[in-house]
>>> print(open('coords-v6.cif').read())   # mmCIF, C-alpha atoms
data_run
loop_
_atom_site.group_PDB
_atom_site.id
_atom_site.type_symbol
_atom_site.label_atom_id
_atom_site.label_comp_id
_atom_site.auth_asym_id
_atom_site.auth_seq_id
_atom_site.Cartn_x
_atom_site.Cartn_y
_atom_site.Cartn_z
ATOM 1 C CA CYS H 1 -13.372 2.751 5.684
ATOM 2 C CA VAL H 2 -13.033 4.952 2.618
ATOM 3 C CA PHE H 3 -16.357 5.411 0.820
ATOM 4 C CA ASP H 4 -16.166 5.838 -2.917
ATOM 5 C CA PRO H 5 -19.210 7.741 -4.232
ATOM 6 C CA LYS H 6 -18.905 5.798 -7.486
ATOM 7 C CA LEU H 7 -19.976 2.562 -5.753
ATOM 8 C CA PRO H 8 -23.724 2.820 -6.505
ATOM 9 C CA ALA H 9 -22.920 3.054 -10.202
ATOM 10 C CA PHE H 10 -20.869 -0.126 -10.362
ATOM 11 C CA ALA H 11 -23.707 -2.351 -11.602
ATOM 12 C CA GLU H 12 -24.386 -0.197 -14.635
ATOM 13 C CA LYS H 13 -20.709 0.372 -15.327
ATOM 14 C CA GLN H 14 -19.868 -3.331 -15.140
ATOM 15 C CA GLU H 15 -23.056 -4.680 -16.720
ATOM 16 C CA ALA H 16 -21.146 -6.088 -19.667
ATOM 17 C CA ALA H 17 -18.851 -8.225 -17.501
ATOM 18 C CA ARG H 18 -19.516 -11.876 -18.265
ATOM 19 C CA LEU H 19 -19.608 -14.852 -15.924
ATOM 20 C CA PRO H 20 -17.338 -17.754 -16.877
ATOM 21 C CA SER H 21 -18.777 -21.150 -17.744
ATOM 22 C CA GLY H 22 -19.475 -23.307 -14.709
ATOM 23 C CA VAL H 23 -20.799 -20.448 -12.589
ATOM 24 C CA SER H 24 -24.511 -20.391 -11.923
ATOM 25 C CA GLN H 25 -26.358 -17.412 -13.354
ATOM 26 C CA ASN H 26 -29.311 -17.753 -11.005
ATOM 27 C CA PRO H 27 -31.252 -14.641 -9.968
ATOM 28 C CA LEU H 28 -29.505 -14.492 -6.592
ATOM 29 C CA SER H 29 -26.044 -14.212 -8.133
ATOM 30 C CA GLN H 30 -27.231 -11.421 -10.414
ATOM 31 C CA SER H 31 -29.418 -9.549 -7.925
ATOM 32 C CA TYR H 32 -27.102 -6.610 -7.431
ATOM 33 C CA LEU H 33 -29.716 -3.854 -7.408
ATOM 34 C CA PRO H 34 -31.257 -4.728 -4.012
ATOM 35 C CA LEU H 35 -27.779 -4.600 -2.511
ATOM 36 C CA ILE H 36 -27.255 -1.073 -3.789
ATOM 37 C CA CYS H 37 -30.430 -0.029 -2.036
ATOM 38 C CA ILE H 38 -29.274 -1.275 1.375
ATOM 39 C CA PRO H 39 -28.438 1.720 3.585
ATOM 40 C CA PHE H 40 -24.704 2.205 3.399
ATOM 41 C CA VAL H 41 -24.273 2.263 7.172
ATOM 42 C CA SER H 42 -25.895 -1.146 7.447
ATOM 43 C CA HIS H 43 -24.046 -2.388 4.398
ATOM 44 C CA PHE H 44 -20.593 -1.685 5.763
ATOM 45 C CA PHE H 45 -21.588 -2.908 9.216
ATOM 46 C CA VAL H 46 -22.523 -6.254 7.695
ATOM 47 C CA LEU H 47 -19.378 -6.328 5.575
ATOM 48 C CA TYR H 48 -17.142 -5.862 8.591
ATOM 49 C CA SER H 49 -19.156 -8.383 10.603
ATOM 50 C CA LEU H 50 -18.483 -10.984 7.923
ATOM 51 C CA ALA H 51 -14.827 -10.019 7.742
ATOM 52 C CA ASP H 52 -14.403 -10.466 11.495
ATOM 53 C CA GLY H 53 -14.799 -14.200 11.002
ATOM 54 C CA ARG H 54 -11.817 -14.500 8.698
ATOM 55 C CA GLN H 55 -8.824 -16.328 10.106
ATOM 56 C CA LEU H 56 -5.288 -15.246 10.815
ATOM 57 C CA ARG H 57 -2.846 -15.971 8.010
ATOM 58 C CA ASN H 58 0.560 -17.467 8.837
ATOM 59 C CA GLY H 59 0.052 -16.304 12.406
ATOM 60 C CA VAL H 60 -0.221 -12.656 11.354
ATOM 61 C CA ASP H 61 -3.337 -10.674 12.210
ATOM 62 C CA MET H 62 -4.584 -9.177 8.936
ATOM 63 C CA SER H 63 -7.057 -6.871 10.692
ATOM 64 C CA PRO H 64 -6.659 -3.096 10.609
ATOM 65 C CA SER H 65 -4.832 -1.397 13.434
ATOM 66 C CA ASP H 66 -4.897 2.131 14.786
ATOM 67 C CA ASP H 67 -1.195 1.556 15.496
ATOM 68 C CA LEU H 68 0.267 1.571 11.995
ATOM 69 C CA PRO H 69 3.870 0.928 13.104
ATOM 70 C CA SER H 70 2.703 -2.258 14.847
ATOM 71 C CA LEU H 71 0.814 -3.330 11.727
ATOM 72 C CA VAL H 72 3.942 -2.761 9.613
ATOM 73 C CA ARG H 73 6.040 -4.864 11.986
ATOM 74 C CA HIS H 74 3.437 -7.645 11.957
ATOM 75 C CA LEU H 75 3.405 -7.730 8.162
ATOM 76 C CA CYS H 76 7.198 -7.661 7.988
ATOM 77 C CA ALA H 77 7.178 -10.785 10.166
ATOM 78 C CA LEU H 78 5.890 -12.780 7.189
ATOM 79 C CA GLU H 79 8.561 -15.067 5.780
ATOM 80 C CA THR H 80 7.798 -14.107 2.174
ATOM 81 C CA GLU H 81 5.503 -11.900 0.133
ATOM 82 C CA THR H 82 2.092 -13.471 -0.307
ATOM 83 C CA GLU H 83 -1.022 -13.179 -2.439
ATOM 84 C CA TYR H 84 -2.265 -10.502 -0.031
ATOM 85 C CA VAL H 85 0.908 -8.682 1.079
ATOM 86 C CA GLU H 86 3.513 -7.009 -1.158
ATOM 87 C CA PHE H 87 6.631 -5.041 -0.244
ATOM 88 C CA LYS H 88 8.385 -2.331 -2.268
ATOM 89 C CA GLU H 89 11.089 0.207 -1.563
ATOM 90 C CA SER H 90 10.183 3.134 -3.811
ATOM 91 C CA ASN H 91 8.604 1.802 -7.026
ATOM 92 C CA SER H 92 5.886 4.331 -7.898
ATOM 93 C CA ASP H 93 4.832 3.311 -11.432
ATOM 94 C CA PRO H 94 1.085 4.191 -11.612
ATOM 95 C CA GLU H 95 0.214 1.377 -14.031
ATOM 96 C CA GLN H 96 1.815 -1.226 -11.784
ATOM 97 C CA ILE H 97 0.174 0.211 -8.678
ATOM 98 C CA GLY H 98 -3.210 -0.016 -10.396
ATOM 99 C CA LYS H 99 -2.653 -3.627 -11.414
ATOM 100 C CA ASP H 100 -1.463 -4.472 -7.897
ATOM 101 C CA ILE H 101 -4.526 -2.896 -6.252
ATOM 102 C CA CYS H 102 -6.800 -4.862 -8.571
ATOM 103 C CA ALA H 103 -4.892 -8.092 -7.913
ATOM 104 C CA LEU H 104 -4.858 -7.540 -4.149
ATOM 105 C CA ALA H 105 -8.623 -6.883 -4.088
ATOM 106 C CA ASN H 106 -9.271 -10.175 -5.877
ATOM 107 C CA SER H 107 -6.697 -12.091 -3.856
ATOM 108 C CA ALA H 108 -8.203 -10.836 -0.605
ATOM 109 C CA VAL H 109 -11.412 -12.598 -1.645
ATOM 110 C CA SER H 110 -9.590 -15.711 -2.822
ATOM 111 C CA CYS H 111 -7.498 -15.976 0.365
ATOM 112 C CA GLU H 112 -10.400 -14.920 2.608
ATOM 113 C CA VAL H 113 -8.501 -12.187 4.422
ATOM 114 C CA ARG H 114 -10.021 -9.009 5.773
ATOM 115 C CA PHE H 115 -7.579 -6.725 3.944
ATOM 116 C CA ALA H 116 -4.666 -6.971 1.551
ATOM 117 C CA TYR H 117 -1.656 -4.663 1.770
ATOM 118 C CA LYS H 118 1.129 -3.134 -0.272
ATOM 119 C CA LEU H 119 3.918 -1.419 1.654
ATOM 120 C CA TRP H 120 6.578 0.990 0.422
ATOM 121 C CA GLY H 121 9.800 1.368 2.387
ATOM 122 C CA ILE H 122 10.340 -2.347 2.973
ATOM 123 C CA GLU H 123 13.169 -4.373 1.452
ATOM 124 C CA ASP H 124 11.971 -7.290 -0.671
ATOM 125 C CA ALA H 125 14.631 -9.615 0.700
ATOM 126 C CA GLY H 126 14.474 -9.952 4.464
ATOM 127 C CA HIS H 127 11.696 -7.350 4.840
ATOM 128 C CA ARG H 128 14.024 -4.862 6.460
ATOM 129 C CA ILE H 129 12.498 -1.415 6.996
ATOM 130 C CA VAL H 130 14.548 0.972 4.857
ATOM 131 C CA GLY H 131 12.174 3.910 4.289
ATOM 132 C CA THR H 132 10.790 5.339 1.049
ATOM 133 C CA SER H 133 10.606 8.572 -0.914
ATOM 134 C CA PHE H 134 7.223 7.612 -2.427
ATOM 135 C CA ASN H 135 4.519 10.143 -1.595
ATOM 136 C CA PRO H 136 1.066 9.029 -2.820
ATOM 137 C CA LYS H 137 -0.476 12.416 -2.025
ATOM 138 C CA LYS H 138 1.908 14.238 -4.348
ATOM 139 C CA ALA H 139 2.372 11.549 -6.990
ATOM 140 C CA LYS H 140 0.729 12.134 -10.376
ATOM 141 C CA LYS H 141 -0.046 10.350 -13.624
ATOM 142 C CA GLY H 142 0.292 13.008 -16.269
ATOM 143 C CA ASN H 143 -1.581 16.027 -14.883
ATOM 144 C CA GLN H 144 -3.868 13.967 -12.635
ATOM 145 C CA GLU H 145 -3.329 13.157 -9.008
ATOM 146 C CA LEU H 146 -2.379 9.506 -8.632
ATOM 147 C CA GLU H 147 -5.298 8.488 -6.419
ATOM 148 C CA LEU H 148 -7.873 10.122 -8.686
ATOM 149 C CA TRP H 149 -6.324 8.479 -11.748
ATOM 150 C CA LEU H 150 -6.343 5.074 -10.020
ATOM 151 C CA ARG H 151 -10.000 5.368 -9.019
ATOM 152 C CA ARG H 152 -10.947 6.203 -12.611
ATOM 153 C CA LYS H 153 -9.050 3.192 -13.958
ATOM 154 C CA LEU H 154 -10.216 0.690 -11.343
ATOM 155 C CA SER H 155 -13.704 -0.807 -11.321
ATOM 156 C CA ALA H 156 -16.007 0.957 -8.880
ATOM 157 C CA ASN H 157 -16.224 -2.043 -6.534
ATOM 158 C CA VAL H 158 -12.562 -1.589 -5.531
ATOM 159 C CA GLN H 159 -11.849 0.228 -2.275
ATOM 160 C CA PHE H 160 -8.365 1.252 -1.127
ATOM 161 C CA GLU H 161 -6.609 3.723 1.145
ATOM 162 C CA PHE H 162 -3.071 5.140 1.351
ATOM 163 C CA GLU H 163 -1.633 5.765 4.821
ATOM 164 C CA GLU H 164 1.767 7.007 5.953
ATOM 165 C CA THR H 165 3.674 6.324 9.142
ATOM 166 C CA GLU H 166 7.188 6.204 10.576
ATOM 167 C CA VAL H 167 8.811 3.042 11.837
ATOM 168 C CA ASP H 168 12.257 3.253 13.412
ATOM 169 C CA ALA H 169 12.466 6.862 12.153
ATOM 170 C CA LYS H 170 11.907 5.700 8.561
ATOM 171 C CA LYS H 171 8.934 6.627 6.377
ATOM 172 C CA VAL H 172 6.644 3.756 5.363
ATOM 173 C CA VAL H 173 3.586 4.010 3.088
ATOM 174 C CA VAL H 174 0.811 1.481 3.668
ATOM 175 C CA LEU H 175 -1.752 0.770 0.959
ATOM 176 C CA ARG H 176 -4.776 -1.014 2.412
ATOM 177 C CA VAL H 177 -7.058 -2.810 -0.072
ATOM 178 C CA TRP H 178 -10.533 -4.118 0.703
ATOM 179 C CA PRO H 179 -11.736 -7.439 -0.811
ATOM 180 C CA ALA H 180 -13.564 -7.026 -4.126
ATOM 181 C CA LEU H 181 -17.339 -6.798 -3.708
ATOM 182 C CA TYR H 182 -20.116 -8.165 -5.932
ATOM 183 C CA GLN H 183 -17.858 -9.051 -8.851
ATOM 184 C CA ILE H 184 -14.242 -9.516 -9.868
ATOM 185 C CA ALA H 185 -12.136 -6.352 -9.612
ATOM 186 C CA LEU H 186 -10.858 -4.810 -12.854
ATOM 187 C CA PHE H 187 -8.099 -2.403 -13.783
ATOM 188 C CA ASP H 188 -8.494 -0.688 -17.137
ATOM 189 C CA GLY H 189 -11.077 -3.319 -18.029
ATOM 190 C CA ASP H 190 -8.897 -6.342 -17.198
ATOM 191 C CA PRO H 191 -8.899 -8.593 -14.103
ATOM 192 C CA TYR H 192 -5.669 -9.220 -12.194
ATOM 193 C CA ILE H 193 -4.756 -11.556 -9.354
ATOM 194 C CA ARG H 194 -1.715 -12.470 -7.301
ATOM 195 C CA THR H 195 0.185 -15.737 -7.761
ATOM 196 C CA GLY H 196 2.595 -16.036 -4.867
ATOM 197 C CA SER H 197 4.458 -12.725 -4.906
ATOM 198 C CA CYS H 198 3.604 -11.881 -8.528
ATOM 199 C CA THR H 199 0.753 -9.879 -10.048
ATOM 200 C CA GLN H 200 -0.641 -11.337 -13.254
ATOM 201 C CA ARG H 201 -3.685 -11.048 -15.484
ATOM 202 C CA LEU H 202 -6.496 -13.398 -14.491
ATOM 203 C CA GLU H 203 -7.315 -15.568 -17.493
ATOM 204 C CA ARG H 204 -10.990 -15.403 -18.391
ATOM 205 C CA GLY H 205 -12.693 -18.787 -18.245
ATOM 206 C CA SER H 206 -9.901 -20.264 -16.133
ATOM 207 C CA ARG H 207 -10.504 -22.391 -13.068
ATOM 208 C CA ARG H 208 -9.185 -19.572 -10.861
ATOM 209 C CA GLU H 209 -11.749 -17.178 -12.303
ATOM 210 C CA VAL H 210 -14.538 -19.706 -11.721
ATOM 211 C CA GLU H 211 -13.471 -20.245 -8.099
ATOM 212 C CA LEU H 212 -13.148 -16.506 -7.500
ATOM 213 C CA TRP H 213 -16.656 -15.907 -8.857
ATOM 214 C CA ARG H 214 -18.028 -18.612 -6.567
ATOM 215 C CA LYS H 215 -16.451 -17.015 -3.514
ATOM 216 C CA ILE H 216 -17.775 -13.589 -4.492
ATOM 217 C CA GLN H 217 -21.281 -15.023 -5.041
ATOM 218 C CA HIS H 218 -21.121 -16.664 -1.617
ATOM 219 C CA GLU H 219 -20.323 -13.318 -0.007
ATOM 220 C CA VAL H 220 -23.173 -11.675 -1.931
ATOM 221 C CA PHE H 221 -25.501 -14.298 -0.480
ATOM 222 C CA GLU H 222 -24.183 -13.670 3.060
ATOM 223 C CA LEU H 223 -24.521 -9.907 2.652
ATOM 224 C CA GLN H 224 -28.121 -10.230 1.465
ATOM 225 C CA THR H 225 -29.016 -12.633 4.251
ATOM 226 C CA ALA H 226 -27.340 -10.621 7.007
ATOM 227 C CA ALA H 227 -28.554 -7.249 5.756
ATOM 228 C CA SER H 228 -32.158 -8.442 5.844
ATOM 229 C CA ASN H 229 -31.801 -8.568 9.639
ATOM 230 C CA VAL H 230 -29.885 -5.316 10.110
ATOM 231 C CA ASN H 231 -31.168 -1.758 9.953
ATOM 232 C CA ALA H 232 -29.483 1.574 10.425
ATOM 233 C CA GLU H 233 -31.101 2.115 13.843
ATOM 234 C CA ASP H 234 -29.621 -1.159 15.127
ATOM 235 C CA VAL H 235 -26.186 -0.163 13.862
ATOM 236 C CA LEU H 236 -26.302 3.309 15.376
#
>>> encode(input="coords-v6.cif", output="structure tokens")
Amino acid sequence: CVFDPKLPAFAEKQEAARLPSGVSQNPLSQSYLPLICIPFVSHFFVLYSLADGRQLRNGVDMSPSDDLPSLVRHLCALETETEYVEFKESNSDPEQIGKDICALANSAVSCEVRFAYKLWGIEDAGHRIVGTSFNPKKAKKGNQELELWLRRKLSANVQFEFEETEVDAKKVVVLRVWPALYQIALFDGDPYIRTGSCTQRLERGSRREVELWRKIQHEVFELQTAASNVNAEDVL
């Protein structure tokens, strides 16, 4: 798990974000501060415990794997791109990557999967492994490193990680995205979500936004309930 030191500041940074009509604004749904105070070890232990209960999707295990080539092959076994898996060959546009990360974080919540993924080096049609020249460690937006630029543009509740591997002697880049926590993920102040294989802006006040908020609130409730029975000593 990649820890972003900006996470404790997300409540203040996103304080202005509004809830859509139809979503309860009870104290529980707004009680973010106690969650920030939970020891981070316990917090992520609880998060992964909740995620373990999520189901397989289309017969593909969405859990992380120490064997990245096997994970790539499993994801390529999907018949089509989905709300939580996207394939690219070498498209490295920073703006689009940022929107995709945001959309994948929200779609991971909506689809109730443990992680969402974007892979470079995979053909869109047929999901054939073709390799990629994209290098996230060397990529830049202006004078900034790509990853740093992305983290500054994305809301602080978004967690992601770039990984590289070789499959059949071809380079593949795997972007792993965690489900959005506490509130809807934003990129440059706007929410995005996946519709089928497309990334689009999430309309504020729409039914999809309402449903996404409800799922996020439910996870906040589970985190608070579970964390009340977990301490760092038990985890360690």
>>> closest_residue(input="coords-v6.cif", among="H:Arg204, H:Arg114, H:Arg151, H:His218", to="Gly98 in chain H", atoms="only C-alpha atoms")
H:Arg151
>>> resolve_selection(input="coords-v6.cif", expression="the PyMOL selection byres ((chain H and resi 103) around 9)", output="MDAnalysis selection string")
chainID H and resid 83:84 98:102 104:108 185:187 191:194 199:202
>>> write_last_selection(input="coords-v6.cif", atoms="C-alpha atoms", output="PDB file, in the frame of the given file")
ATOM      1  CA  GLU H  83      -1.022 -13.179  -2.439  1.00  0.00           C
ATOM      2  CA  TYR H  84      -2.265 -10.502  -0.031  1.00  0.00           C
ATOM      3  CA  GLY H  98      -3.210  -0.016 -10.396  1.00  0.00           C
ATOM      4  CA  LYS H  99      -2.653  -3.627 -11.414  1.00  0.00           C
ATOM      5  CA  ASP H 100      -1.463  -4.472  -7.897  1.00  0.00           C
ATOM      6  CA  ILE H 101      -4.526  -2.896  -6.252  1.00  0.00           C
ATOM      7  CA  CYS H 102      -6.800  -4.862  -8.571  1.00  0.00           C
ATOM      8  CA  LEU H 104      -4.858  -7.540  -4.149  1.00  0.00           C
ATOM      9  CA  ALA H 105      -8.623  -6.883  -4.088  1.00  0.00           C
ATOM     10  CA  ASN H 106      -9.271 -10.175  -5.877  1.00  0.00           C
ATOM     11  CA  SER H 107      -6.697 -12.091  -3.856  1.00  0.00           C
ATOM     12  CA  ALA H 108      -8.203 -10.836  -0.605  1.00  0.00           C
ATOM     13  CA  ALA H 185     -12.136  -6.352  -9.612  1.00  0.00           C
ATOM     14  CA  LEU H 186     -10.858  -4.810 -12.854  1.00  0.00           C
ATOM     15  CA  PHE H 187      -8.099  -2.403 -13.783  1.00  0.00           C
ATOM     16  CA  PRO H 191      -8.899  -8.593 -14.103  1.00  0.00           C
ATOM     17  CA  TYR H 192      -5.669  -9.220 -12.194  1.00  0.00           C
ATOM     18  CA  ILE H 193      -4.756 -11.556  -9.354  1.00  0.00           C
ATOM     19  CA  ARG H 194      -1.715 -12.470  -7.301  1.00  0.00           C
ATOM     20  CA  THR H 199       0.753  -9.879 -10.048  1.00  0.00           C
ATOM     21  CA  GLN H 200      -0.641 -11.337 -13.254  1.00  0.00           C
ATOM     22  CA  ARG H 201      -3.685 -11.048 -15.484  1.00  0.00           C
ATOM     23  CA  LEU H 202      -6.496 -13.398 -14.491  1.00  0.00           C
TER      24      LEU H 202
END
>>> residues_around(input="coords-v6.cif", residues="Val85 in chain H", least_positions_apart="3", cutoff="7 Å", atoms="only C-alpha atoms", output="CSV table (one decimal) with C-alpha atoms, in the frame of the given file")
chain,number,residue,atom,x,y,z
H,81,GLU,CA,5.5,-11.9,0.1
H,82,THR,CA,2.1,-13.5,-0.3
H,116,ALA,CA,-4.7,-7.0,1.6
H,117,TYR,CA,-1.7,-4.7,1.8
H,118,LYS,CA,1.1,-3.1,-0.3
>>> atom_distance(input="coords-v6.cif", atom1="CA of Lys88 in chain H", atom2="CA of Asn157 in chain H")
25.0 Å
>>> axis_aligned_box(input="coords-v6.cif", around="range 165-170 of chain H", padding_each_side="5 Å", output="JSON")
{"center_x": 8.1, "center_y": 5.0, "center_z": 11.0, "size_x": 18.8, "size_y": 13.8, "size_z": 14.9}
>>> build_atoms(input="coords-v6.cif", residues="range 184-195 of chain H", atoms="all heavy atoms", output="PDB file, in the coordinates of the input")
ATOM      1  N   ILE H 184     -15.699  -9.538  -9.795  1.00  0.00           N
ATOM      2  CA  ILE H 184     -14.242  -9.516  -9.868  1.00  0.00           C
ATOM      3  C   ILE H 184     -13.761  -8.086 -10.146  1.00  0.00           C
ATOM      4  O   ILE H 184     -14.322  -7.376 -10.973  1.00  0.00           O
ATOM      5  CB  ILE H 184     -13.759 -10.482 -10.962  1.00  0.00           C
ATOM      6  CG1 ILE H 184     -14.035 -11.935 -10.531  1.00  0.00           C
ATOM      7  CG2 ILE H 184     -12.279 -10.301 -11.256  1.00  0.00           C
ATOM      8  CD1 ILE H 184     -13.732 -12.969 -11.596  1.00  0.00           C
ATOM      9  N   ALA H 185     -12.709  -7.689  -9.432  1.00  0.00           N
ATOM     10  CA  ALA H 185     -12.136  -6.352  -9.612  1.00  0.00           C
ATOM     11  C   ALA H 185     -11.426  -6.255 -10.960  1.00  0.00           C
ATOM     12  O   ALA H 185     -10.831  -7.228 -11.445  1.00  0.00           O
ATOM     13  CB  ALA H 185     -11.159  -6.046  -8.487  1.00  0.00           C
ATOM     14  N   LEU H 186     -11.480  -5.061 -11.555  1.00  0.00           N
ATOM     15  CA  LEU H 186     -10.858  -4.810 -12.854  1.00  0.00           C
ATOM     16  C   LEU H 186      -9.977  -3.570 -12.801  1.00  0.00           C
ATOM     17  O   LEU H 186     -10.281  -2.619 -12.085  1.00  0.00           O
ATOM     18  CB  LEU H 186     -11.925  -4.613 -13.938  1.00  0.00           C
ATOM     19  CG  LEU H 186     -12.978  -5.706 -14.140  1.00  0.00           C
ATOM     20  CD1 LEU H 186     -14.021  -5.246 -15.155  1.00  0.00           C
ATOM     21  CD2 LEU H 186     -12.337  -7.014 -14.578  1.00  0.00           C
ATOM     22  N   PHE H 187      -8.909  -3.593 -13.573  1.00  0.00           N
ATOM     23  CA  PHE H 187      -8.099  -2.403 -13.783  1.00  0.00           C
ATOM     24  C   PHE H 187      -8.005  -2.173 -15.283  1.00  0.00           C
ATOM     25  O   PHE H 187      -7.530  -3.033 -16.028  1.00  0.00           O
ATOM     26  CB  PHE H 187      -6.693  -2.549 -13.199  1.00  0.00           C
ATOM     27  CG  PHE H 187      -5.773  -1.403 -13.553  1.00  0.00           C
ATOM     28  CD1 PHE H 187      -5.953  -0.153 -12.979  1.00  0.00           C
ATOM     29  CD2 PHE H 187      -4.761  -1.565 -14.494  1.00  0.00           C
ATOM     30  CE1 PHE H 187      -5.132   0.912 -13.314  1.00  0.00           C
ATOM     31  CE2 PHE H 187      -3.927  -0.511 -14.834  1.00  0.00           C
ATOM     32  CZ  PHE H 187      -4.114   0.730 -14.242  1.00  0.00           C
ATOM     33  N   ASP H 188      -8.477  -1.018 -15.713  1.00  0.00           N
ATOM     34  CA  ASP H 188      -8.494  -0.688 -17.137  1.00  0.00           C
ATOM     35  C   ASP H 188      -9.208  -1.766 -17.949  1.00  0.00           C
ATOM     36  O   ASP H 188      -8.802  -2.092 -19.062  1.00  0.00           O
ATOM     37  CB  ASP H 188      -7.064  -0.492 -17.656  1.00  0.00           C
ATOM     38  CG  ASP H 188      -7.000   0.511 -18.806  1.00  0.00           C
ATOM     39  OD1 ASP H 188      -7.998   1.221 -19.035  1.00  0.00           O
ATOM     40  OD2 ASP H 188      -5.954   0.567 -19.479  1.00  0.00           O
ATOM     41  N   GLY H 189     -10.248  -2.336 -17.348  1.00  0.00           N
ATOM     42  CA  GLY H 189     -11.077  -3.319 -18.029  1.00  0.00           C
ATOM     43  C   GLY H 189     -10.596  -4.751 -17.929  1.00  0.00           C
ATOM     44  O   GLY H 189     -11.278  -5.666 -18.407  1.00  0.00           O
ATOM     45  N   ASP H 190      -9.443  -4.990 -17.312  1.00  0.00           N
ATOM     46  CA  ASP H 190      -8.897  -6.342 -17.198  1.00  0.00           C
ATOM     47  C   ASP H 190      -8.803  -6.784 -15.736  1.00  0.00           C
ATOM     48  O   ASP H 190      -8.483  -5.969 -14.859  1.00  0.00           O
ATOM     49  CB  ASP H 190      -7.501  -6.415 -17.817  1.00  0.00           C
ATOM     50  CG  ASP H 190      -7.529  -6.271 -19.330  1.00  0.00           C
ATOM     51  OD1 ASP H 190      -8.439  -6.857 -19.957  1.00  0.00           O
ATOM     52  OD2 ASP H 190      -6.648  -5.591 -19.882  1.00  0.00           O
ATOM     53  N   PRO H 191      -9.037  -8.081 -15.466  1.00  0.00           N
ATOM     54  CA  PRO H 191      -8.899  -8.593 -14.103  1.00  0.00           C
ATOM     55  C   PRO H 191      -7.460  -9.024 -13.826  1.00  0.00           C
ATOM     56  O   PRO H 191      -6.778  -9.544 -14.713  1.00  0.00           O
ATOM     57  CB  PRO H 191      -9.835  -9.813 -14.105  1.00  0.00           C
ATOM     58  CG  PRO H 191      -9.794 -10.311 -15.516  1.00  0.00           C
ATOM     59  CD  PRO H 191      -9.589  -9.088 -16.391  1.00  0.00           C
ATOM     60  N   TYR H 192      -7.007  -8.792 -12.608  1.00  0.00           N
ATOM     61  CA  TYR H 192      -5.669  -9.220 -12.194  1.00  0.00           C
ATOM     62  C   TYR H 192      -5.774  -9.963 -10.872  1.00  0.00           C
ATOM     63  O   TYR H 192      -6.737  -9.773 -10.105  1.00  0.00           O
ATOM     64  CB  TYR H 192      -4.735  -8.020 -12.047  1.00  0.00           C
ATOM     65  CG  TYR H 192      -4.385  -7.367 -13.362  1.00  0.00           C
ATOM     66  CD1 TYR H 192      -5.219  -6.394 -13.913  1.00  0.00           C
ATOM     67  CD2 TYR H 192      -3.237  -7.731 -14.067  1.00  0.00           C
ATOM     68  CE1 TYR H 192      -4.923  -5.805 -15.136  1.00  0.00           C
ATOM     69  CE2 TYR H 192      -2.930  -7.131 -15.293  1.00  0.00           C
ATOM     70  CZ  TYR H 192      -3.771  -6.177 -15.819  1.00  0.00           C
ATOM     71  OH  TYR H 192      -3.482  -5.599 -17.028  1.00  0.00           O
ATOM     72  N   ILE H 193      -4.786 -10.804 -10.603  1.00  0.00           N
ATOM     73  CA  ILE H 193      -4.756 -11.556  -9.354  1.00  0.00           C
ATOM     74  C   ILE H 193      -3.303 -11.825  -8.998  1.00  0.00           C
ATOM     75  O   ILE H 193      -2.406 -11.713  -9.848  1.00  0.00           O
ATOM     76  CB  ILE H 193      -5.561 -12.875  -9.477  1.00  0.00           C
ATOM     77  CG1 ILE H 193      -5.922 -13.421  -8.096  1.00  0.00           C
ATOM     78  CG2 ILE H 193      -4.793 -13.913 -10.314  1.00  0.00           C
ATOM     79  CD1 ILE H 193      -7.023 -14.452  -8.107  1.00  0.00           C
ATOM     80  N   ARG H 194      -3.066 -12.174  -7.755  1.00  0.00           N
ATOM     81  CA  ARG H 194      -1.715 -12.470  -7.301  1.00  0.00           C
ATOM     82  C   ARG H 194      -1.468 -13.980  -7.360  1.00  0.00           C
ATOM     83  O   ARG H 194      -2.315 -14.780  -6.991  1.00  0.00           O
ATOM     84  CB  ARG H 194      -1.510 -11.987  -5.872  1.00  0.00           C
ATOM     85  CG  ARG H 194      -1.702 -10.506  -5.676  1.00  0.00           C
ATOM     86  CD  ARG H 194      -0.423  -9.744  -5.809  1.00  0.00           C
ATOM     87  NE  ARG H 194       0.540 -10.072  -4.765  1.00  0.00           N
ATOM     88  CZ  ARG H 194       1.793  -9.613  -4.745  1.00  0.00           C
ATOM     89  NH1 ARG H 194       2.232  -8.863  -5.730  1.00  0.00           N
ATOM     90  NH2 ARG H 194       2.604  -9.927  -3.758  1.00  0.00           N
ATOM     91  N   THR H 195      -0.280 -14.358  -7.823  1.00  0.00           N
ATOM     92  CA  THR H 195       0.185 -15.737  -7.761  1.00  0.00           C
ATOM     93  C   THR H 195       1.481 -15.720  -6.976  1.00  0.00           C
ATOM     94  O   THR H 195       2.506 -15.247  -7.480  1.00  0.00           O
ATOM     95  CB  THR H 195       0.413 -16.322  -9.164  1.00  0.00           C
ATOM     96  OG1 THR H 195      -0.820 -16.301  -9.894  1.00  0.00           O
ATOM     97  CG2 THR H 195       0.910 -17.766  -9.067  1.00  0.00           C
TER      98      THR H 195
END
